[in-house]
file start-v8.cif (mmCIF, C-alpha atoms)
data_structure
loop_
_atom_site.label_atom_id
_atom_site.label_comp_id
_atom_site.auth_asym_id
_atom_site.auth_seq_id
_atom_site.Cartn_x
_atom_site.Cartn_y
_atom_site.Cartn_z
CA MET A 1 0.00 0.00 0.00
CA VAL A 2 2.91 2.31 0.66
CA ALA A 3 3.83 2.33 -3.00
CA ASP A 4 0.28 2.97 -4.13
CA PRO A 5 0.57 6.09 -6.30
CA SER A 6 -2.94 7.22 -5.37
CA SER A 7 -1.97 7.39 -1.69
CA ASP A 8 1.12 9.42 -2.65
CA GLN A 9 -1.17 11.76 -4.50
CA ALA A 10 -3.46 11.98 -1.50
CA ALA A 11 -0.51 12.79 0.77
CA LEU A 12 0.76 15.46 -1.63
CA GLU A 13 -2.70 16.95 -1.92
CA ALA A 14 -3.08 17.09 1.86
CA GLY A 15 0.38 18.63 2.24
CA ILE A 16 -0.37 21.36 -0.28
CA SER A 17 -3.77 21.98 1.22
CA ALA A 18 -2.27 22.43 4.68
CA ALA A 19 0.48 24.69 3.31
CA ILE A 20 -2.07 26.98 1.62
CA VAL A 21 -3.86 27.29 4.93
CA ARG A 22 -0.59 28.19 6.63
CA CYS A 23 0.01 30.79 3.91
CA ALA A 24 -3.39 32.25 4.75
CA ALA A 25 -2.12 32.63 8.31
CA GLY A 26 0.81 34.64 6.94
CA GLU A 27 3.40 31.94 7.37
CA ARG A 28 6.17 32.50 4.85
CA SER A 29 7.77 29.10 5.25
CA ALA A 30 4.54 27.51 4.02
CA LEU A 31 4.90 29.19 0.64
CA ARG A 32 8.38 27.71 0.45
CA VAL A 33 6.88 24.28 1.13
CA ILE A 34 4.60 24.71 -1.89
CA TYR A 35 7.54 26.01 -3.91
CA ASP A 36 9.70 23.00 -3.06
CA LEU A 37 6.94 20.54 -3.91
CA GLU A 38 5.40 22.15 -6.99
CA ALA A 39 7.48 24.97 -8.51
CA ALA A 40 9.31 22.79 -11.06
CA ARG A 41 6.06 21.24 -12.28
CA MET A 42 4.43 24.67 -12.37
CA VAL A 43 7.24 26.02 -14.56
CA GLY A 44 6.76 22.93 -16.73
CA VAL A 45 3.02 23.59 -17.09
CA ALA A 46 3.70 27.24 -17.97
CA MET A 47 6.45 26.20 -20.42
CA ARG A 48 3.98 24.18 -22.46
CA ILE A 49 1.90 27.31 -22.90
CA LEU A 50 4.63 29.96 -23.18
CA ARG A 51 7.44 27.90 -24.74
CA ARG A 52 10.01 30.27 -23.27
CA ARG A 53 11.65 29.54 -19.98
CA ASP A 54 11.97 33.17 -18.88
CA LEU A 55 8.25 33.73 -19.46
CA ALA A 56 7.38 30.43 -17.77
CA GLU A 57 9.31 31.53 -14.68
CA GLU A 58 7.56 34.88 -14.86
CA ALA A 59 4.17 33.13 -14.86
CA THR A 60 5.27 30.96 -11.93
CA HIS A 61 6.44 34.04 -10.03
CA ASP A 62 3.08 35.72 -10.64
CA ALA A 63 1.30 32.54 -9.58
CA PHE A 64 3.16 32.39 -6.25
CA MET A 65 2.37 36.02 -5.56
CA ARG A 66 -1.27 35.27 -6.23
CA ILE A 67 -1.23 32.12 -4.06
CA TRP A 68 0.29 34.15 -1.22
CA ARG A 69 -2.23 36.97 -1.52
CA SER A 70 -5.27 34.81 -2.21
CA ALA A 71 -4.58 31.89 0.13
CA ARG A 72 -7.48 32.99 2.31
CA SER A 73 -9.88 32.65 -0.57
CA PHE A 74 -8.92 29.02 -1.15
CA ASP A 75 -11.95 26.92 -0.29
CA PRO A 76 -11.05 23.24 0.11
CA SER A 77 -14.72 22.27 -0.06
CA ARG A 78 -14.89 23.51 -3.65
CA GLY A 79 -11.96 21.76 -5.21
CA SER A 80 -8.55 20.29 -4.71
CA ALA A 81 -5.59 22.34 -3.50
CA ARG A 82 -3.31 21.25 -6.32
CA ALA A 83 -5.97 21.95 -8.94
CA TRP A 84 -6.27 25.41 -7.37
CA ILE A 85 -2.57 26.28 -7.70
CA TYR A 86 -2.32 24.83 -11.22
CA THR A 87 -5.37 26.80 -12.27
CA ILE A 88 -3.58 29.90 -11.02
CA VAL A 89 -0.33 29.21 -12.86
CA ARG A 90 -2.20 28.33 -16.06
CA ASN A 91 -4.18 31.55 -15.84
CA GLN A 92 -1.02 33.59 -15.29
CA ALA A 93 0.60 31.89 -18.27
CA LEU A 94 -2.50 32.50 -20.40
CA THR A 95 -2.51 36.16 -19.40
CA ILE A 96 1.10 36.47 -20.53
CA VAL A 97 0.58 34.54 -23.76
CA ARG A 98 -2.50 36.58 -24.68
CA ASP A 99 -0.63 39.81 -23.91
CA GLU A 100 2.60 38.91 -25.65
CA GLY A 101 1.02 37.30 -28.67
CA ARG A 102 2.26 33.82 -29.34
CA PHE A 103 3.58 34.46 -32.78
CA GLY A 104 5.14 37.85 -32.34
CA PRO A 105 7.55 39.22 -34.95
CA ASP A 106 10.56 37.93 -32.99
CA GLU A 107 9.16 34.43 -32.86
CA PRO A 108 8.92 32.52 -36.12
CA ALA A 109 5.61 30.73 -36.49
CA ASP A 110 7.31 27.63 -37.84
CA ARG A 111 9.00 26.93 -34.55
CA GLU A 112 8.28 23.53 -33.04
CA ILE A 113 4.54 23.04 -32.82
CA PRO A 114 3.21 21.00 -29.92
CA GLU A 115 1.87 17.55 -30.64
CA PRO A 116 -1.48 17.04 -28.90
CA SER A 117 -1.16 13.27 -28.70
CA SER A 118 1.96 13.37 -26.52
CA ALA A 119 0.28 14.89 -23.47
CA LEU A 120 -2.63 12.50 -23.94
CA ALA A 121 -0.29 9.51 -24.08
CA ARG A 122 1.25 10.61 -20.77
CA LEU A 123 -2.04 10.40 -18.92
CA PRO A 124 -2.28 7.21 -16.86
CA GLU A 125 -3.98 4.32 -18.67
CA SER A 126 -6.59 4.32 -15.94
CA SER A 127 -7.39 8.01 -16.41
CA ALA A 128 -11.07 8.69 -17.13
CA LEU A 129 -10.06 11.86 -18.96
CA ARG A 130 -7.79 9.88 -21.26
CA HIS A 131 -10.39 7.22 -21.90
CA CYS A 132 -13.07 9.82 -22.72
CA LEU A 133 -10.81 12.00 -24.88
CA GLU A 134 -9.76 8.96 -26.89
CA LYS A 135 -13.40 8.37 -27.78
CA LEU A 136 -13.70 11.81 -29.42
CA ASP A 137 -13.18 12.54 -33.11
CA PRO A 138 -9.47 13.33 -33.62
CA GLY A 139 -10.11 16.98 -34.55
CA ARG A 140 -12.24 17.67 -31.49
CA ARG A 141 -9.77 15.82 -29.28
CA SER A 142 -6.78 17.77 -30.60
CA ALA A 143 -8.55 21.09 -30.20
CA ILE A 144 -9.42 20.44 -26.56
CA VAL A 145 -5.98 19.09 -25.66
CA LEU A 146 -4.15 21.96 -27.39
CA ALA A 147 -6.41 24.47 -25.63
CA TYR A 148 -5.83 23.07 -22.15
CA VAL A 149 -2.24 21.86 -22.36
CA HIS A 150 -0.75 24.46 -24.67
CA GLY A 151 -3.13 27.34 -24.05
CA PHE A 152 -4.21 27.75 -27.68
CA SER A 153 -6.96 30.29 -28.37
CA HIS A 154 -9.77 29.63 -30.85
CA GLY A 155 -7.84 31.63 -33.46
CA GLU A 156 -4.62 29.74 -32.86
CA LEU A 157 -6.44 26.42 -33.03
CA ALA A 158 -8.01 27.41 -36.36
CA GLY A 159 -4.56 28.25 -37.73
CA ARG A 160 -2.88 25.17 -36.31
CA LEU A 161 -5.58 22.71 -37.35
CA GLY A 162 -6.28 24.45 -40.66
CA VAL A 163 -10.04 24.84 -40.28
CA PRO A 164 -12.31 27.93 -40.06
CA LEU A 165 -12.85 29.62 -36.71
CA GLY A 166 -16.55 28.65 -36.66
CA THR A 167 -15.65 25.00 -37.12
CA ILE A 168 -13.17 25.15 -34.23
CA LYS A 169 -15.77 26.66 -31.92
CA SER A 170 -18.24 23.96 -32.82
CA TRP A 171 -15.63 21.17 -32.47
CA ILE A 172 -14.79 22.40 -29.00
CA ARG A 173 -18.40 22.69 -27.88
CA ARG A 174 -19.44 19.32 -29.29
CA GLY A 175 -16.29 17.72 -27.96
CA LEU A 176 -17.01 19.11 -24.50
CA VAL A 177 -20.60 17.85 -24.62
CA SER A 178 -19.38 14.33 -25.44
CA LEU A 179 -16.66 14.60 -22.80
CA GLN A 180 -19.20 15.68 -20.21
CA GLU A 181 -21.44 12.71 -21.04
CA CYS A 182 -18.52 10.30 -20.87
CA LEU A 183 -17.03 11.70 -17.65
CA GLY A 184 -20.49 11.71 -16.05
CA MET B 1 -31.86 21.23 -19.26
CA THR B 2 -30.39 23.11 -22.18
CA THR B 3 -29.46 25.94 -19.85
CA ASP B 4 -27.76 23.50 -17.51
CA ARG B 5 -25.85 22.01 -20.39
CA ASP B 6 -24.89 25.40 -21.78
CA ASP B 7 -23.66 26.41 -18.35
CA ARG B 8 -21.63 23.26 -18.09
CA ILE B 9 -20.00 23.88 -21.46
CA HIS B 10 -19.47 27.54 -20.59
CA ALA B 11 -17.73 26.39 -17.39
CA ALA B 12 -15.52 24.04 -19.44
CA GLU B 13 -14.58 26.79 -21.90
CA PHE B 14 -13.74 29.01 -18.94
CA VAL B 15 -11.46 26.29 -17.54
CA LEU B 16 -9.82 25.76 -20.93
CA GLY B 17 -9.14 29.50 -21.12
CA LEU B 18 -11.08 29.95 -24.35
CA LEU B 19 -13.40 32.76 -23.32
CA ALA B 20 -12.80 36.29 -24.54
CA PRO B 21 -11.24 38.50 -21.84
CA GLU B 22 -14.48 40.27 -20.84
CA THR B 23 -16.47 37.03 -20.79
CA HIS B 24 -13.69 35.37 -18.82
CA ALA B 25 -13.74 38.16 -16.24
CA ALA B 26 -17.53 37.91 -15.97
CA ALA B 27 -17.29 34.14 -15.43
CA GLU B 28 -14.67 34.71 -12.75
CA ARG B 29 -17.00 37.09 -10.91
CA ARG B 30 -19.83 34.62 -11.26
CA LEU B 31 -17.83 32.01 -9.32
CA ALA B 32 -18.33 34.01 -6.15
CA SER B 33 -22.08 34.47 -6.54
CA ASP B 34 -23.23 31.28 -8.26
CA PRO B 35 -22.33 28.12 -6.33
CA ALA B 36 -23.77 25.82 -9.02
CA PHE B 37 -21.53 27.39 -11.65
CA ALA B 38 -18.58 27.25 -9.27
CA ARG B 39 -19.21 23.52 -8.82
CA GLU B 40 -19.25 22.98 -12.58
CA VAL B 41 -15.95 24.85 -12.89
CA ALA B 42 -14.37 22.88 -10.04
CA ALA B 43 -15.48 19.60 -11.62
CA TRP B 44 -13.90 20.48 -14.97
CA GLN B 45 -10.74 21.74 -13.25
CA LYS B 46 -10.47 18.45 -11.45
CA HIS B 47 -10.89 16.45 -14.67
CA PHE B 48 -8.37 18.48 -16.65
CA ALA B 49 -5.90 18.69 -13.74
CA ALA B 50 -4.74 15.21 -14.79
CA PHE B 51 -2.90 16.97 -17.61
CA ASP B 52 -0.90 19.15 -15.22
CA ASP B 53 0.95 16.12 -13.90
CA THR B 54 2.02 15.20 -17.44
CA ALA B 55 4.22 18.32 -17.74
CA ASP B 56 7.97 17.71 -17.49
CA PRO B 57 9.30 19.45 -14.39
CA VAL B 58 11.59 22.37 -15.23
CA VAL B 59 13.79 23.29 -12.27
CA PRO B 60 13.57 27.06 -11.91
CA SER B 61 16.60 29.32 -11.55
CA GLU B 62 17.77 30.26 -8.06
CA GLU B 63 16.62 33.75 -8.84
CA LEU B 64 12.94 32.77 -8.92
CA TRP B 65 12.58 32.03 -5.22
CA ARG B 66 14.48 35.20 -4.28
CA ARG B 67 12.03 37.27 -6.31
CA ILE B 68 9.03 35.50 -4.80
CA GLU B 69 10.43 35.97 -1.30
CA ALA B 70 11.03 39.65 -1.95
CA GLY B 71 7.49 39.98 -3.28
CA MET B 72 5.96 38.43 -0.17
CA GLY B 73 7.00 41.43 1.88
CA THR B 74 5.00 43.82 -0.23
CA ALA B 75 2.07 41.49 -0.77
CA VAL B 76 0.76 41.05 2.75
CA ALA B 77 -1.29 37.89 3.09
CA ALA B 78 -3.10 38.63 6.30
CA PRO B 79 -4.34 41.84 7.88
CA SER B 80 -2.15 43.45 10.53
CA ALA B 81 -2.58 42.12 14.03
CA ALA B 82 -5.20 44.01 15.95
CA PRO B 83 -7.02 42.71 19.02
CA ALA B 84 -10.41 43.00 17.32
CA GLY B 85 -9.16 41.01 14.34
CA LEU B 86 -7.73 38.21 16.39
CA LEU B 87 -10.80 36.06 16.83
CA PRO B 88 -12.04 36.10 13.22
CA ARG B 89 -8.54 35.59 11.91
CA PHE B 90 -7.85 32.67 14.15
CA TRP B 91 -11.25 31.27 13.49
CA ASN B 92 -10.70 31.55 9.73
CA SER B 93 -7.42 29.74 9.86
CA LEU B 94 -8.72 27.14 12.25
CA GLY B 95 -11.76 26.54 10.08
CA ALA B 96 -9.67 26.29 6.98
CA LEU B 97 -7.12 24.03 8.67
CA ARG B 98 -9.91 21.79 9.74
CA ILE B 99 -11.35 21.54 6.25
CA ALA B 100 -7.93 21.23 4.65
CA ALA B 101 -6.94 18.40 6.90
CA LEU B 102 -10.15 16.60 6.19
CA SER B 103 -9.59 17.12 2.49
CA GLY B 104 -12.61 16.02 0.58
CA LEU B 105 -14.56 12.84 0.76
CA THR B 106 -14.42 11.96 4.42
CA ALA B 107 -15.57 15.39 5.40
CA ALA B 108 -19.34 15.65 5.75
CA LEU B 109 -19.93 13.62 8.87
CA ALA B 110 -16.65 14.40 10.57
CA LEU B 111 -17.14 18.06 9.77
CA ALA B 112 -20.28 18.20 11.84
CA VAL B 113 -18.44 16.76 14.83
CA VAL B 114 -15.39 18.95 14.33
CA THR B 115 -17.44 22.09 13.87
CA THR B 116 -19.24 21.57 17.16
CA VAL B 117 -16.02 20.95 19.00
CA THR B 118 -14.06 23.78 17.43
CA VAL B 119 -16.82 26.34 17.79
CA ARG B 120 -16.82 25.63 21.47
CA HIS B 121 -13.07 25.91 21.74
CA ALA B 122 -12.37 28.65 19.23
CA GLN B 123 -13.40 31.47 21.48
CA GLU B 124 -11.47 30.42 24.53
CA VAL B 125 -8.47 29.39 22.47
CA ALA B 126 -8.43 32.67 20.60
CA ALA B 127 -8.74 34.59 23.86
CA ARG B 128 -5.31 33.36 24.84
CA LYS B 129 -3.45 33.07 21.62
CA PRO B 130 -1.00 30.20 21.28
CA LEU B 131 2.45 30.81 19.82
CA TYR B 132 2.42 27.52 17.93
CA VAL B 133 -0.36 25.29 16.71
CA ALA B 134 -0.13 21.74 15.40
CA ILE B 135 -2.99 19.98 13.67
CA LEU B 136 -2.66 16.27 14.24
CA VAL B 137 -3.94 14.33 11.25
CA ASP B 138 -4.63 10.66 10.54
CA ASP B 139 -2.11 9.73 7.85
CA ALA B 140 -4.44 7.31 6.10
CA THR B 141 -7.73 9.22 6.08
CA ARG B 142 -6.29 12.76 6.30
CA GLN B 143 -8.82 13.45 8.98
CA ALA B 144 -7.84 15.98 11.63
CA GLY B 145 -7.93 14.35 15.06
CA ALA B 146 -6.56 16.92 17.48
CA ILE B 147 -4.98 20.32 17.88
CA VAL B 148 -1.92 21.04 20.00
CA ASN B 149 -1.51 24.62 21.19
CA ALA B 150 1.77 25.87 22.66
CA PHE B 151 1.67 29.16 24.58
CA ALA B 152 4.31 31.77 25.29
CA ASP B 153 4.40 30.89 28.98
CA GLY B 154 5.40 27.30 28.19
CA ARG B 155 1.98 25.72 28.62
CA VAL B 156 1.02 23.19 25.95
CA GLU B 157 -2.43 21.70 25.53
CA MET B 158 -4.02 19.07 23.33
CA ILE B 159 -7.62 19.44 22.17
CA PRO B 160 -9.19 16.41 20.46
CA LEU B 161 -11.45 17.09 17.49
CA VAL B 162 -12.84 13.59 17.15
CA ASP B 163 -13.88 10.87 19.53
CA MET B 164 -10.98 8.43 19.33
CA THR B 165 -11.95 4.86 20.01
CA VAL B 166 -9.81 3.43 22.81
CA PRO B 167 -10.23 -0.34 23.26
CA ALA B 168 -10.30 -1.76 26.79
CA GLY B 169 -6.83 -2.15 28.25
CA ARG B 170 -5.33 0.52 26.01
CA SER B 171 -4.44 4.18 26.46
CA LEU B 172 -3.81 7.14 24.24
CA GLN B 173 -0.28 8.44 24.62
CA VAL B 174 0.89 11.79 23.34
CA TRP B 175 4.50 12.23 22.22
CA THR B 176 6.67 15.02 20.96
CA LEU B 177 9.83 14.92 18.93
CA TRP B 178 12.02 17.98 18.66
CA ASN B 179 15.34 16.23 18.18
CA ARG B 180 15.81 12.96 16.33
CA GLU B 181 18.83 12.02 18.41
CA VAL B 182 16.92 12.34 21.65
CA GLY B 183 13.87 10.62 20.14
CA PRO B 184 10.21 11.02 21.03
CA ARG B 185 9.27 11.92 24.62
CA SER B 186 5.97 11.10 26.26
CA VAL B 187 4.07 14.24 27.23
CA GLY B 188 0.63 12.90 28.04
CA LEU B 189 -1.35 9.76 28.78
CA LEU B 190 -5.12 9.51 28.44
CA ASP B 191 -7.76 6.85 28.87
CA ARG B 192 -9.98 8.58 26.34
CA ALA B 193 -9.91 11.61 24.03
CA ARG B 194 -10.31 14.79 26.04
CA ALA B 195 -8.77 18.25 26.15
CA THR B 196 -5.71 18.04 28.35
CA PRO B 197 -2.61 19.97 29.31
CA LEU B 198 0.58 18.32 28.10
CA ASP B 199 3.61 18.04 30.29
CA LEU B 200 6.54 19.64 28.50
CA GLU B 201 7.96 21.43 31.50
CA ARG B 202 11.16 19.45 31.55
CA LEU B 203 11.60 19.69 27.80
CA PRO B 204 13.07 22.48 25.68
CA THR B 205 10.67 25.25 24.68
CA THR B 206 8.32 24.21 21.89
CA THR B 207 9.36 25.54 18.49
CA ALA B 208 8.19 25.49 14.89
CA ASP B 209 8.07 22.15 13.06
CA GLN B 210 8.11 20.18 16.28
CA LEU B 211 6.35 16.85 15.81
CA PHE B 212 3.45 15.78 18.02
CA GLU B 213 1.76 12.42 17.72
CA ILE B 214 -0.83 10.31 19.46
CA THR B 215 -0.31 6.55 19.61
CA LEU B 216 -2.38 3.71 20.97
CA GLU B 217 -0.46 2.03 23.81
CA PRO B 218 -1.11 -0.52 26.55
CA ALA B 219 -3.04 0.89 29.53
CA GLY B 220 -0.67 2.88 31.69
CA GLY B 221 1.53 3.85 28.77
CA SER B 222 4.19 2.33 26.56
CA PRO B 223 6.29 -0.16 28.55
CA THR B 224 9.46 0.88 26.71
CA GLY B 225 9.16 4.64 27.07
CA ARG B 226 9.03 4.85 23.28
CA PRO B 227 5.96 4.67 21.03
CA THR B 228 5.13 1.02 20.37
CA GLY B 229 1.53 1.18 19.12
CA PRO B 230 -0.01 2.52 15.92
CA ILE B 231 0.17 6.25 15.30
CA LEU B 232 -3.39 7.59 15.33
CA TYR B 233 -2.70 11.23 14.59
CA LYS B 234 0.39 13.32 14.03
CA GLY B 235 1.36 16.81 12.96
CA THR B 236 4.01 19.47 13.33
CA THR B 237 3.77 22.87 14.93
CA ALA B 238 3.40 26.03 12.90
CA ARG B 239 3.88 29.51 14.29
CA THR B 240 0.72 31.59 14.58
CA LEU B 241 0.68 35.25 13.63
#
call {"tool": "encode", "arguments": {"input": "start-v8.cif", "output": "C-alpha cells"}}
result
Amino acid sequence: MVADPSSDQAALEAGISAAIVRCAAGERSALRVIYDLEAARMVGVAMRILRRRDLAEEATHDAFMRIWRSARSFDPSRGSARAWIYTIVRNQALTIVRDEGRFGPDEPADREIPEPSSALARLPESSALRHCLEKLDPGRRSAIVLAYVHGFSHGELAGRLGVPLGTIKSWIRRGLVSLQECLG
Amino acid sequence: MTTDRDDRIHAAEFVLGLLAPETHAAAERRLASDPAFAREVAAWQKHFAAFDDTADPVVPSEELWRRIEAGMGTAVAAPSAAPAGLLPRFWNSLGALRIAALSGLTAALALAVVTTVTVRHAQEVAARKPLYVAILVDDATRQAGAIVNAFADGRVEMIPLVDMTVPAGRSLQVWTLWNREVGPRSVGLLDRARATPLDLERLPTTTADQLFEITLEPAGGSPTGRPTGPILYKGTTARTL
C-alpha cells in the first residue's frame, strides 16, 4: 500500500492543502513548502503554454504572488488544492501569452509546434479523462488538448488545425458535450 | 436542461481559457455568486488537472525564489494584528485548517463533529493566543484528530477534534519529537480523548516544526518509554501570527 501512487497523490494533496492554509495565516515558510513541492512542475506547465523559460518563470512568479495573496480565498470544499494552484499558474501563463502574442515578430511561427497526442499519451492508462478523450473525433480531441495543455486560443487552433474559426468553436463545444457525457 | 448544459460547457470553456477576456472576467465574478456554476468549474478543473501532472518538471533558476520571497514582503497575506481582528482571523485559519486536513470525501460527517467541537473551543483558544499550533492528522484518512496549542508561557495543551476509540486495556499516549537524536518523549497519557494539558515542563521550549503524535499504547503507557503502538494522529507545529 505504501507504494500505491494514489496514496502518494493523497498525501501530496493534503500537504499542499495544509500549506495553503498556513500561507493564509501569513506563514512565509509555508509558501516555500509549496515552492519545493510544486514549482518545477508549475514552470513545466507554464512552459507548455509559453514555450520560453523566462516567461514560464515569470508566470510561476506571478502565480506564487497570487497564491500568497489569495490563500485565504482558497476553499477546500470547492476543489482540490493542487488543482487550485495549477489553475492559477495556467491563468497567469495564459494572461502572458495573450498579452505577448504567441507568434510575435521575434518568434517565427514555424517553430516547433506541440503535438497534442503526446500529453494524452502521458495520462495514466486508468485516467477517465484519457479514456473519454480517446473516444472523441481526432479533430475535437486535438482542439481540446491543445487548448488546455498548450493554451491555444480559438484563433490559434483554427490556424494550427487548418479549419475555419466557426468550425473550431463547434468542435470544442461538441467535444465538450461528449466529454461531459462520458465523464459523467 | 439546455441551460444547464450550456452552463456546463461555458464552465468548461472558462477552464480551458477559451473565453474572450471580458467574458472570462464575468465568469470569474460569477464564481463568487453562483455556487452551481462554481461547482461545474471545479469539476472540470479536477478532470483536466490530470494533464498538469504530465508536464515535465523544469527546475527554476535560483533567482525565482528570491524574487518570490522579496514579493511576499509587499504582498501582505493577512491583515495586521489588531485585538479586534484576532478572533475572526484565528477562526478563519482554524476553520480552513480543519477543512484542509479533512480534504474532501471523508468530510461531511466528521465536519459536523469537528465544527461543534471547534466552535466551542475557538473562542477560549483565541482569547489566549497560542504561539504555535499543530494539527494532528490521521495519515491514512487525512482526517484531523486533534490540535496542539503551545503558549508563550510554556503551557502546551491538546484538544481532540474527534472521539478516538480506545479499546479496553489501552491508552492514548501523546509524544513530541524535537530532536531525532533524543527521540520522542511522552508528554501525556489519556484513557480517552479529552482536552488536556501536556507536560513539557522538563523539555526544551516548543518551536516550529516540532512533531506531536498520538499513539495507541497498553493501559498505563508504553512499557518501553518509546511509542510502540499505531500512530493515530500526528502533525508538526506552525507559528501563529
call {"tool": "residues_around", "arguments": {"input": "start-v8.cif", "residues": "stretch 150-167 of chain A", "least_positions_apart": "4", "cutoff": "8 Å", "atoms": "only C-alpha atoms", "output": "list in words"}}
result
Arg48, Ile49, Leu50, Leu94, Pro114, Gly139, Ala143, Val145, Leu146 and Trp171 of chain A; Leu16, Gly17 and Leu18 of chain B
call {"tool": "resolve_selection", "arguments": {"input": "start-v8.cif", "expression": "the PyMOL selection byres ((chain A) within 7 of (chain B))", "output": "PyMOL selection string"}}
result
chain A and resi 14+17-18+21+24-26+40-41+43-45+57+61+64-65+68-69+76-79+83+119+122-123+129+147-149+153-154+173+176-177
call {"tool": "atom_distance", "arguments": {"input": "start-v8.cif", "atom1": "atom CA of B:Leu31", "atom2": "atom CA of A:Ile85"}}
result
16.4 Å
call {"tool": "resolve_selection", "arguments": {"input": "start-v8.cif", "expression": "the PyMOL selection byres ((chain B and resi 208-220) around 10)", "output": "VMD selection string"}}
result
chain B and resid 131 to 138 145 to 148 158 164 to 179 184 to 191 206 to 207 221 to 223 226 to 240
call {"tool": "atom_distance", "arguments": {"input": "start-v8.cif", "atom1": "atom CA of B:Thr196", "atom2": "atom CA of B:Ile159"}}
result
6.6 Å
call {"tool": "closest_residue", "arguments": {"input": "start-v8.cif", "among": "A:Asp137, A:Glu125, A:Glu27, A:Glu13", "to": "A:Ser80", "atoms": "only C-alpha atoms"}}
result
A:Glu13
call {"tool": "residues_around", "arguments": {"input": "start-v8.cif", "residues": "A:Glu58", "least_positions_apart": "4", "cutoff": "9 Å", "atoms": "all atoms listed in the file", "output": "VMD selection string"}}
result
(chain A and resid 43 53 to 54 62 to 63 92 to 93 96) or (chain B and resid 64)
call {"tool": "residues_around", "arguments": {"input": "start-v8.cif", "residues": "stretch 130-133 of chain A", "least_positions_apart": "4", "cutoff": "8 Å", "atoms": "only C-alpha atoms", "output": "mmCIF file with C-alpha atoms, keeping the file's coordinate frame"}}
result
data_model
loop_
_atom_site.group_PDB
_atom_site.id
_atom_site.type_symbol
_atom_site.label_atom_id
_atom_site.label_comp_id
_atom_site.auth_asym_id
_atom_site.auth_seq_id
_atom_site.Cartn_x
_atom_site.Cartn_y
_atom_site.Cartn_z
ATOM 1 C CA LEU A 120 -2.630 12.500 -23.940
ATOM 2 C CA LEU A 123 -2.040 10.400 -18.920
ATOM 3 C CA PRO A 124 -2.280 7.210 -16.860
ATOM 4 C CA GLU A 125 -3.980 4.320 -18.670
ATOM 5 C CA SER A 126 -6.590 4.320 -15.940
ATOM 6 C CA ARG A 141 -9.770 15.820 -29.280
ATOM 7 C CA LEU A 179 -16.660 14.600 -22.800
ATOM 8 C CA CYS A 182 -18.520 10.300 -20.870
ATOM 9 C CA LEU A 183 -17.030 11.700 -17.650
#
call {"tool": "closest_residue", "arguments": {"input": "start-v8.cif", "among": "B:Leu200, B:Ala193, B:Ala27, B:Val162", "to": "B:Ala150", "atoms": "all atoms listed in the file"}}
result
B:Leu200
